[in-house]
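A.B. asks: Supplied structure: data.txt, compact mmCIF, C-alpha atoms and all ligand atoms.
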```txt
# COMPACT_ATOMS: atom_id res chain seq x y z
CA MET A 1 7.52 262.92 37.98
CA LYS A 2 11.29 262.63 38.20
CA ILE A 3 12.79 261.59 34.88
CA ARG A 4 16.31 260.18 34.81
CA PHE A 5 18.35 261.02 31.70
CA GLU A 6 20.95 258.70 30.26
CA GLU A 7 23.04 260.40 27.61
CA ARG A 8 24.03 258.81 24.33
CA LYS A 9 27.71 258.81 23.41
CA GLN A 10 27.09 259.56 19.77
CA LEU A 11 24.01 261.07 18.18
CA LYS A 12 22.60 259.55 15.00
CA GLU A 13 22.92 261.22 11.64
CA LYS A 14 19.58 262.77 10.71
CA PRO A 15 17.92 261.65 7.49
CA LYS A 16 17.28 264.15 4.68
CA THR A 17 13.85 265.75 5.00
CA ASN A 18 12.77 264.74 1.49
CA GLU A 19 13.55 261.10 2.26
CA LEU A 20 11.65 260.84 5.55
CA GLY A 21 8.61 258.89 4.40
CA PHE A 22 6.44 257.72 7.28
CA GLY A 23 7.71 255.87 10.34
CA LYS A 24 11.03 254.72 8.88
CA TYR A 25 13.47 256.60 11.11
CA PHE A 26 13.59 256.87 14.87
CA THR A 27 15.25 259.50 17.02
CA ASP A 28 18.18 259.28 19.47
CA TYR A 29 16.19 258.70 22.65
CA MET A 30 13.14 256.94 24.01
CA PHE A 31 11.09 257.26 27.19
CA MET A 32 10.52 254.29 29.52
CA CYS A 33 8.70 253.85 32.81
CA ASP A 34 8.00 250.59 34.65
CA TRP A 35 4.95 249.48 36.60
CA ASN A 36 4.49 246.64 39.05
CA GLU A 37 2.04 246.01 41.86
CA GLU A 38 4.43 246.88 44.70
CA GLU A 39 6.06 250.00 43.31
CA GLN A 40 3.32 251.17 40.88
CA TRP A 41 4.86 253.62 38.33
CA HIS A 42 8.59 253.98 38.91
CA ASP A 43 11.94 254.63 37.25
CA ALA A 44 10.84 257.10 34.57
CA ARG A 45 13.80 257.57 32.25
CA ILE A 46 14.87 258.92 28.89
CA VAL A 47 17.52 256.60 27.51
CA PRO A 48 19.28 256.04 24.16
CA TYR A 49 16.92 254.56 21.55
CA GLY A 50 17.65 250.90 21.03
CA PRO A 51 16.60 247.27 21.54
CA ILE A 52 15.10 246.31 24.89
CA PRO A 53 15.67 243.01 26.73
CA LEU A 54 12.44 241.01 27.00
CA ASP A 55 11.79 237.64 28.59
CA PRO A 56 10.53 235.20 25.91
CA ALA A 57 7.57 234.44 28.16
CA SER A 58 6.61 238.13 28.43
CA MET A 59 2.85 238.02 28.33
CA VAL A 60 2.51 240.62 25.59
CA LEU A 61 4.21 238.23 23.15
CA HIS A 62 1.58 235.58 23.80
CA TYR A 63 -1.65 237.33 24.71
CA ALA A 64 -1.17 240.80 23.20
CA GLN A 65 -1.86 242.87 26.29
CA GLU A 66 -0.75 246.07 24.57
CA THR A 67 -2.10 249.55 23.92
CA PHE A 68 -0.72 252.51 22.01
CA GLU A 69 -1.31 256.09 20.92
CA GLY A 70 -0.28 258.30 18.03
CA LEU A 71 0.20 262.07 17.96
CA LYS A 72 2.54 264.61 16.42
CA ALA A 73 4.79 267.53 17.36
CA TYR A 74 4.69 270.35 14.83
CA LYS A 75 7.30 273.08 14.29
CA THR A 76 5.81 276.45 13.34
CA GLN A 77 7.41 278.90 10.94
CA ASP A 78 8.57 281.05 13.87
CA GLY A 79 10.17 278.03 15.54
CA ARG A 80 7.58 277.17 18.20
CA ILE A 81 6.79 273.54 18.99
CA LEU A 82 3.12 272.53 19.18
CA LEU A 83 1.18 269.42 20.12
CA PHE A 84 -2.42 268.97 18.94
CA ARG A 85 -4.95 268.06 21.66
CA PRO A 86 -2.54 265.67 23.48
CA ASP A 87 -4.92 265.51 26.45
CA MET A 88 -7.31 263.55 24.24
CA ASN A 89 -4.63 260.98 23.49
CA ALA A 90 -3.88 260.71 27.22
CA ARG A 91 -7.53 260.10 28.03
CA ARG A 92 -8.03 257.66 25.20
CA MET A 93 -5.07 255.62 26.40
CA MET A 94 -6.79 255.40 29.79
CA TYR A 95 -9.90 253.91 28.17
CA SER A 96 -7.76 251.53 26.12
CA ASN A 97 -5.82 250.42 29.19
CA LYS A 98 -8.97 249.87 31.23
CA ARG A 99 -10.44 247.71 28.46
CA LEU A 100 -7.26 245.60 28.38
CA SER A 101 -7.16 245.35 32.21
CA MET A 102 -3.94 247.32 32.32
CA PRO A 103 -3.04 249.96 34.91
CA VAL A 104 -3.85 253.47 33.69
CA ILE A 105 -1.29 256.16 33.01
CA PRO A 106 -2.41 259.35 34.77
CA GLU A 107 -3.09 262.15 32.26
CA GLU A 108 -0.43 264.43 33.78
CA MET A 109 2.19 261.67 33.63
CA PHE A 110 1.39 260.94 29.98
CA LEU A 111 1.67 264.62 29.04
CA GLU A 112 4.85 265.18 31.06
CA ALA A 113 6.51 262.17 29.45
CA VAL A 114 5.57 263.23 25.91
CA GLU A 115 6.73 266.79 26.49
CA ALA A 116 10.00 265.77 28.14
CA LEU A 117 10.93 263.49 25.25
CA VAL A 118 9.95 266.03 22.58
CA ARG A 119 12.04 268.67 24.37
CA VAL A 120 15.08 266.38 24.26
CA GLU A 121 14.42 265.56 20.59
CA LYS A 122 13.39 269.02 19.39
CA ASP A 123 16.16 269.10 16.75
CA TRP A 124 14.52 266.04 15.19
CA ILE A 125 11.29 267.90 14.41
CA PRO A 126 11.56 268.62 10.68
CA ASP A 127 10.50 272.11 9.61
CA GLN A 128 9.64 271.75 5.94
CA GLU A 129 6.03 272.16 4.92
CA ARG A 130 3.68 269.61 6.50
CA THR A 131 6.46 267.53 8.05
CA SER A 132 6.34 266.66 11.75
CA LEU A 133 7.61 264.43 14.52
CA TYR A 134 5.31 261.43 14.97
CA ILE A 135 5.08 260.39 18.63
CA ARG A 136 4.21 256.81 19.52
CA PRO A 137 3.43 256.12 23.20
CA PHE A 138 2.77 252.44 23.95
CA MET A 139 2.49 250.09 26.89
CA PHE A 140 2.67 246.33 27.23
CA ALA A 141 2.73 243.40 29.66
CA THR A 142 6.24 242.31 30.63
CA GLU A 143 5.40 239.67 33.24
CA ALA A 144 6.89 236.31 32.28
CA GLY A 145 4.31 233.52 32.32
CA VAL A 146 2.05 231.46 30.12
CA GLY A 147 -1.33 231.75 31.76
CA VAL A 148 -4.00 234.20 30.68
CA HIS A 149 -4.59 236.84 33.38
CA PRO A 150 -3.92 240.55 33.80
CA ALA A 151 -0.13 240.82 33.99
CA LYS A 152 1.56 242.01 37.16
CA SER A 153 4.22 244.11 35.41
CA TYR A 154 4.25 246.52 32.46
CA VAL A 155 6.40 249.08 30.73
CA PHE A 156 5.20 252.37 29.24
CA MET A 157 7.39 253.65 26.44
CA ILE A 158 7.47 256.49 23.91
CA VAL A 159 9.42 256.56 20.67
CA CYS A 160 9.50 259.31 18.04
CA SER A 161 9.84 259.28 14.26
CA PRO A 162 10.37 262.31 12.01
CA VAL A 163 7.82 262.02 9.20
CA GLY A 164 7.44 263.67 5.84
CA SER A 165 4.27 265.14 4.46
CA TYR A 166 1.88 262.22 4.01
CA TYR A 167 1.05 263.68 0.61
CA PRO A 168 4.18 265.11 -0.98
CA GLU A 169 2.22 265.52 -4.25
CA GLY A 170 -0.79 267.11 -2.56
CA VAL A 171 -3.97 265.51 -1.29
CA ASN A 172 -5.25 262.92 -3.77
CA PRO A 173 -8.17 260.46 -3.58
CA VAL A 174 -7.77 256.75 -2.88
CA LYS A 175 -9.72 253.66 -3.93
CA ILE A 176 -11.54 251.75 -1.18
CA TYR A 177 -12.72 248.15 -1.13
CA VAL A 178 -15.84 247.44 0.93
CA GLU A 179 -14.98 244.42 3.08
CA GLU A 180 -17.69 241.84 3.74
CA GLU A 181 -15.80 238.75 4.81
CA PHE A 182 -13.53 240.06 7.59
CA VAL A 183 -14.74 242.33 10.39
CA ARG A 184 -12.73 244.70 12.58
CA ALA A 185 -14.83 244.99 15.71
CA VAL A 186 -18.02 244.00 17.47
CA ARG A 187 -19.77 245.59 20.42
CA GLY A 188 -18.30 244.31 23.62
CA GLY A 189 -14.97 243.74 21.89
CA THR A 190 -11.99 246.06 21.69
CA GLY A 191 -12.87 248.21 18.68
CA PHE A 192 -12.88 251.45 20.67
CA ALA A 193 -9.45 250.74 22.17
CA LYS A 194 -6.16 251.43 20.43
CA CYS A 195 -4.64 248.02 21.05
CA GLY A 196 -2.23 246.10 18.85
CA GLY A 197 -4.48 243.07 18.54
CA ASN A 198 -7.07 245.02 16.55
CA TYR A 199 -4.52 245.71 13.86
CA ALA A 200 -3.11 242.18 13.79
CA GLY A 201 -6.63 241.03 12.96
CA SER A 202 -7.06 243.63 10.23
CA VAL A 203 -3.99 243.13 8.06
CA ALA A 204 -5.48 240.16 6.19
CA ALA A 205 -8.25 242.40 4.87
CA GLN A 206 -5.78 245.13 3.99
CA ALA A 207 -3.59 242.64 2.11
CA LYS A 208 -6.63 241.33 0.24
CA ALA A 209 -7.66 244.86 -0.78
CA ALA A 210 -4.10 245.69 -1.86
CA LYS A 211 -4.04 242.60 -4.08
CA LEU A 212 -7.19 243.85 -5.79
CA GLY A 213 -5.60 247.27 -6.35
CA TYR A 214 -7.29 249.08 -3.44
CA THR A 215 -5.56 251.30 -0.87
CA GLN A 216 -7.71 250.34 2.09
CA VAL A 217 -10.92 248.64 3.16
CA LEU A 218 -14.20 250.12 4.32
CA TRP A 219 -15.20 248.17 7.43
CA LEU A 220 -18.82 247.19 7.92
CA ASP A 221 -20.32 246.45 11.34
CA GLY A 222 -19.47 243.00 12.67
CA VAL A 223 -23.03 241.83 13.31
CA HIS A 224 -25.07 242.71 10.21
CA ARG A 225 -22.21 243.49 7.80
CA LYS A 226 -24.44 246.34 6.80
CA TYR A 227 -23.45 249.64 8.44
CA VAL A 228 -20.28 251.54 7.53
CA GLU A 229 -17.86 252.02 10.44
CA GLU A 230 -14.29 252.97 9.55
CA VAL A 231 -11.89 253.00 6.64
CA GLY A 232 -8.61 251.19 7.27
CA THR A 233 -7.26 252.77 10.45
CA MET A 234 -9.22 255.98 9.96
CA ASN A 235 -12.65 257.29 10.83
CA VAL A 236 -14.83 257.84 7.80
CA PHE A 237 -17.11 260.66 6.67
CA PHE A 238 -19.64 261.00 3.85
CA LYS A 239 -21.29 264.14 2.48
CA ILE A 240 -24.72 263.23 1.10
CA LYS A 241 -27.04 265.93 -0.23
CA GLY A 242 -25.10 268.58 1.68
CA GLU A 243 -25.25 266.77 5.04
CA ILE A 244 -22.48 264.90 6.82
CA TYR A 245 -22.56 261.30 8.04
CA THR A 246 -20.12 259.44 10.26
CA ALA A 247 -20.51 256.33 12.40
CA PRO A 248 -21.46 256.84 16.07
CA ILE A 249 -19.05 256.02 18.91
CA GLU A 250 -20.76 252.96 20.39
CA GLY A 251 -17.91 250.61 21.15
CA THR A 252 -16.86 249.47 17.69
CA VAL A 253 -15.43 252.70 16.30
CA LEU A 254 -12.30 254.42 17.54
CA ALA A 255 -12.95 257.94 18.89
CA GLY A 256 -10.45 259.79 16.71
CA VAL A 257 -9.02 263.13 17.78
CA THR A 258 -9.18 264.20 14.14
CA ARG A 259 -12.79 262.97 13.91
CA ASP A 260 -13.79 265.05 16.94
CA SER A 261 -12.00 268.14 15.57
CA ILE A 262 -13.71 267.75 12.18
CA LEU A 263 -17.15 267.43 13.82
CA THR A 264 -16.49 270.63 15.76
CA LEU A 265 -15.43 272.53 12.61
CA LEU A 266 -18.38 271.21 10.58
CA LYS A 267 -20.92 272.19 13.23
CA ASP A 268 -19.35 275.66 13.47
CA TRP A 269 -19.54 276.00 9.70
CA GLY A 270 -23.26 275.30 9.87
CA TYR A 271 -23.38 271.76 8.52
CA THR A 272 -25.94 269.23 9.66
CA VAL A 273 -23.95 266.33 11.06
CA HIS A 274 -25.34 262.83 11.58
CA GLU A 275 -23.41 260.55 13.93
CA GLU A 276 -25.63 257.69 12.83
CA HIS A 277 -25.59 254.23 11.32
CA LEU A 278 -25.46 254.50 7.54
CA SER A 279 -26.07 251.31 5.59
CA ILE A 280 -23.83 250.31 2.72
CA ASP A 281 -26.94 249.92 0.55
CA ASP A 282 -28.02 253.52 1.18
CA LEU A 283 -24.45 254.68 0.61
CA MET A 284 -24.12 252.84 -2.70
CA GLU A 285 -27.55 254.13 -3.79
CA ALA A 286 -26.40 257.70 -3.00
CA GLY A 287 -23.27 256.97 -5.01
CA ARG A 288 -25.29 255.71 -7.98
CA ASN A 289 -27.74 258.60 -8.12
CA GLY A 290 -25.21 261.35 -7.52
CA ASP A 291 -26.23 262.28 -3.97
CA LEU A 292 -22.89 261.15 -2.51
CA GLU A 293 -20.90 264.34 -2.97
CA GLU A 294 -17.72 263.76 -0.99
CA SER A 295 -16.07 261.20 1.28
CA PHE A 296 -12.87 261.04 3.29
CA GLY A 297 -11.04 259.21 6.05
CA SER A 298 -9.55 261.03 9.04
CA GLY A 299 -6.62 260.30 11.34
CA THR A 300 -3.49 261.86 12.83
CA ALA A 301 -1.06 260.37 10.30
CA ALA A 302 -2.61 261.66 7.08
CA VAL A 303 -5.10 264.15 8.63
CA ILE A 304 -7.62 263.73 5.77
CA THR A 305 -7.65 261.14 2.98
CA PRO A 306 -10.20 261.77 0.22
CA ILE A 307 -12.05 258.69 -1.02
CA GLY A 308 -12.53 258.68 -4.80
CA GLU A 309 -13.90 255.19 -5.41
CA LEU A 310 -15.84 252.49 -3.57
CA ASN A 311 -16.06 248.87 -4.68
CA TYR A 312 -18.88 246.86 -3.09
CA ARG A 313 -19.54 243.36 -4.39
CA GLY A 314 -17.88 244.30 -7.64
CA GLU A 315 -19.99 247.40 -8.21
CA ILE A 316 -17.95 250.57 -8.43
CA VAL A 317 -19.08 254.10 -7.62
CA LYS A 318 -16.84 257.10 -8.18
CA ILE A 319 -17.01 260.02 -5.78
CA HIS A 320 -16.48 263.64 -6.92
CA GLN A 321 -15.11 262.34 -10.25
CA PHE A 322 -12.18 260.87 -8.35
CA THR A 323 -10.95 264.32 -7.32
CA THR A 324 -10.72 265.92 -3.87
CA GLY A 325 -13.99 267.58 -2.84
CA GLU A 326 -14.13 271.24 -1.82
CA LEU A 327 -15.23 270.54 1.76
CA THR A 328 -12.62 267.79 2.11
CA GLN A 329 -9.90 270.20 0.97
CA LYS A 330 -11.20 272.98 3.25
CA LEU A 331 -11.11 270.67 6.27
CA TYR A 332 -7.57 269.56 5.42
CA ASP A 333 -6.40 273.14 4.93
CA THR A 334 -8.02 274.38 8.15
CA LEU A 335 -6.85 271.54 10.38
CA THR A 336 -3.28 271.58 9.11
CA ALA A 337 -3.13 275.39 9.38
CA ILE A 338 -4.14 275.12 13.06
CA GLN A 339 -1.70 272.26 13.71
CA TRP A 340 1.25 274.10 12.15
CA GLY A 341 0.32 277.35 13.90
CA GLU A 342 -0.52 279.29 10.73
CA ILE A 343 -3.96 280.54 11.76
CA LYS A 344 -5.39 281.58 15.09
CA ASP A 345 -6.24 278.58 17.24
CA THR A 346 -9.62 279.79 18.45
CA TYR A 347 -10.44 276.33 19.83
CA LEU A 348 -7.33 276.22 22.06
CA TRP A 349 -6.43 272.86 20.57
CA THR A 350 -2.68 273.34 20.36
CA ARG A 351 -0.35 273.09 23.32
CA GLU A 352 3.04 274.75 23.08
CA ILE A 353 6.12 272.99 24.43
CA PHE A 354 8.67 275.36 25.96
C1 LIG A 401 -5.91 255.91 15.50
C2 LIG A 401 -7.13 255.50 14.76
C3 LIG A 401 -8.03 256.43 14.20
C4 LIG A 401 -7.76 257.90 14.13
O1 LIG A 401 -7.62 258.53 15.37
P1 LIG A 401 -6.91 259.93 15.49
O2 LIG A 401 -6.95 260.24 16.93
O3 LIG A 401 -7.68 260.89 14.65
O4 LIG A 401 -5.51 259.73 14.96
C5 LIG A 401 -9.21 255.95 13.64
N1 LIG A 401 -9.48 254.64 13.60
C6 LIG A 401 -8.64 253.72 14.09
C7 LIG A 401 -9.01 252.28 14.01
C8 LIG A 401 -7.43 254.12 14.68
O5 LIG A 401 -6.59 253.22 15.14
```
Would you write out, as C-alpha cells, the structure that this file holds?

C.D. replies:
Amino acid sequence: MKIRFEERKQLKEKPKTNELGFGKYFTDYMFMCDWNEEEQWHDARIVPYGPIPLDPASMVLHYAQETFEGLKAYKTQDGRILLFRPDMNARRMMYSNKRLSMPVIPEEMFLEAVEALVRVEKDWIPDQERTSLYIRPFMFATEAGVGVHPAKSYVFMIVCSPVGSYYPEGVNPVKIYVEEEFVRAVRGGTGFAKCGGNYAGSVAAQAKAAKLGYTQVLWLDGVHRKYVEEVGTMNVFFKIKGEIYTAPIEGTVLAGVTRDSILTLLKDWGYTVHEEHLSIDDLMEAGRNGDLEESFGSGTAAVITPIGELNYRGEIVKIHQFTTGELTQKLYDTLTAIQWGEIKDTYLWTREIF
C-alpha cells in the first residue's frame, strides 16, 4: 500500500505524562483511506490530525454504519515499540464490517496502516510505567443519502491518543450493578461486532448505574435476562470454587483479545475453564455462600478490572472482601509484563514496530 504523507507545519505541544488520563489528547497525525465501488480502497494518507469535512446526509450520521477497533502501542524500557496481537484486531474488524455490510479491510492493509501511523507518532508513545499510545481504527459510511441500504462510499481512519496508566493508584475493585431492564445484545443482532451503535444503546444503563453509585453494569442475556454476558464494555470472568467461568462467544458477546489471552494463560496454569452460560441466580448464590472467590472484567483499555461488589435487585454480595484477588492480580501482572516487554513473550503475542 502506498501511503501519502502530508506534513504539519507546527507540531502540537505534548501533554505532561501525569496528566494524560484516558483518551483526552490526540496526536499530530491521523491515517485516512477512502473506499468506493469503482476504485475500491484508494488514497491512503497520513495527514495532520484535525476536523474532517462531512456531508450532513452522510449515512453514518443517520443509520450508524460504523465499526471500530482499539489497541495499544507500548514502549519497552529499552526503547522498543510493541503492539499486542494486532492481527486479532484486524480480523475482528473484518467480522464487524461484514455484519454491518461494509467492505472489509484486508488484514495486511490494517496492520500496515497501524504500523505506519505509530512509526510517524513514535515520540507520542509515553514511556512511564503502564502508559501507552491508544490506537483507534474506525470506519464509517460517507455516502450522502437518506435511504437505508449499504452505503457506496466509506472512509477508514486511525487516530492515536497517549494514555496514562488506567490505575495510577494500583488495581482496585469496582462496584457493579446487575442490569435487568436494558439489554446490550441478542443473538442475531450486533453484539459480537465492535460497532458504535452498540455503545449508543448502552449509555442509558451506564448512566443509571452511575446515578446509583456503581461504576458499570453487568449485562444479562437479552432473551431470558438470566445469564451473565459482559460487564460494561469488558468481558467478564468469575472464579467459583477454584474454577473459572466466562460467557461463551455465541453472537452476543464480543470476542476480546484480552479475554482470549486470559483463557490461554489460565489453561496453561492448569485451571479448569468453563466458557458456559452462568445464571445470575447461581452467581448470587455462590456470592452468598462464599464460593465466588474472585471476579474481574477484561479489555484493552484497563487490561483487568477487579469486581468487588455486585448489586442484583437490591441484594449486595461482596467479592474477595472488596480487594483484588490473587489470581486477578497475577493475570494483570503477567499480561502487562508481556505487553510492556518485561518478560519473555513465549506466546509470540507481541509484534515489534521497527
Ligand atoms: C472492546 C470490547 C471488549 C474487550 O475487547 P479487547 O479486545 O479485550 O479490548 C469487550 N467487550 C466489549 C463490548 C467491547 O467493546

A.B. asks: So that I can see what lies close to Pro103 (chain A), please list as a PyMOL selection string the residues with an atom at most 9 Å from it, counting all atoms listed in the file and leaving out residues fewer than 4 positions away in the same chain.

C.D. replies: chain A and resi 35+40+94+97-98+154

A.B. asks: Could you please extract the residues within 6 Å of ligand LIG 401 (chain A), counting all atoms listed in the file, and hand them back as an NGL selection string?

C.D. replies: :A and (194 or 233-235 or 254 or 256-259 or 298-300)

A.B. asks: Taking a cut-off of 10 Å and counting all atoms listed in the file, can you build a table that, for each residue of region 128-242 of chain A near region 323-331 of chain A, reports the nearest atom pair and how far apart they are in Å (one decimal), sorted by chain then residue number, as a Markdown table?

C.D. replies:
```
| residue | atom | partner | partner_atom | distance |
| --- | --- | --- | --- | --- |
| A:Val171 | CA | A:Thr324 | CA | 7.2 |
| A:Asn172 | CA | A:Thr324 | CA | 6.2 |
| A:Pro173 | CA | A:Thr324 | CA | 6.0 |
| A:Val174 | CA | A:Thr323 | CA | 9.3 |
| A:Phe237 | CA | A:Thr328 | CA | 9.6 |
| A:Phe238 | CA | A:Thr328 | CA | 9.9 |
| A:Lys239 | CA | A:Leu327 | CA | 8.8 |
```

A.B. asks: So how many Å separate CA of Tyr134 (chain A) and CA of Ala73 (chain A), to one decimal?

C.D. replies: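 Between CA of Tyr134 (chain A) and CA of Ala73 (chain A) the gap works out to 6.6 Å.
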
A.B. asks: Considering only C-alpha atoms, can you say which of A:Ala247, A:Leu263, A:Ala302, A:Met88 comes closest to His277 (chain A)?

C.D. replies: A:Ala247

A.B. asks: With only C-alpha atoms as the atoms that count, which of A:Ile240, A:Leu292, A:Ile125, A:Ala207 lies nearest to Arg80 (chain A)?

C.D. replies: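 Checking each candidate against Arg80 (chain A), we get A:Ile125 as the closest.
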
A.B. asks: Counting all atoms listed in the file, which of A:Trp269, A:His274, A:Tyr214, A:Ser153 gets nearest to Glu243 (chain A)?

C.D. replies: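 Comparing A:Trp269, A:His274, A:Tyr214, A:Ser153 against Glu243 (chain A), the winner is A:His274.
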
A.B. asks: Around (2.0, 258.8, 34.1), as given in the file, which residues come within 10 Å? Count all atoms listed in the file and list them as JSON, numbers by chain.

C.D. replies: {"A": [1, 33, 41, 42, 44, 90, 104, 105, 106, 107, 108, 109, 110, 111, 112, 113, 114, 156]}

A.B. asks: At a cut-off of 10 Å, using only C-alpha atoms, what residues contact Gln128 (chain A)? Leave out same-chain residues fewer than 4 positions from it and give the result as a ChimeraX atom specification.

C.D. replies: /A:17-18,75-77,132,164-165

A.B. asks: Choose the residue, out of A:Gly242, A:Gly297, A:Pro168, A:Gly188, that has the smallest atom-to-atom separation from Phe22 (chain A); count all atoms listed in the file.

C.D. replies: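 Between A:Gly242, A:Gly297, A:Pro168, A:Gly188, the residue approaching Phe22 (chain A) most closely is A:Pro168.
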
A.B. asks: Could you please determine the separation between CA of Gly145 (chain A) and CA of Arg4 (chain A) in Å, to one decimal place?

C.D. replies: 29.3 Å

A.B. asks: Within 7 Å of Ala193 (chain A), counting all atoms listed in the file, which residues qualify if same-chain residues fewer than 3 places away don't, as a list of chain:residue names?

C.D. replies: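 Here the qualifying residues turn out to be A:Tyr95, A:Ser96, A:Thr190, A:Leu254.
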
A.B. asks: For a cutoff of 9 Å around the file-coordinate point (-8.0, 248.6, 3.6), which residues qualify once you count only C-alpha atoms? I'd like the result as a list in words.

C.D. replies: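 Neighbouring residues, ordered by chain and number, come to Ile176, Tyr177, Val178, Glu179, Ser202, Val203, Ala205, Gln206, Ala207, Lys208, Ala209, Ala210, Tyr214, Thr215, Gln216, Val217, Leu218, Trp219, Val231, Gly232 and Thr233 of chain A.
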
A.B. asks: What's the separation between CA of Leu283 (chain A) and CA of Thr334 (chain A), in Å to one decimal place?

C.D. replies: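 The value is 26.7 Å.
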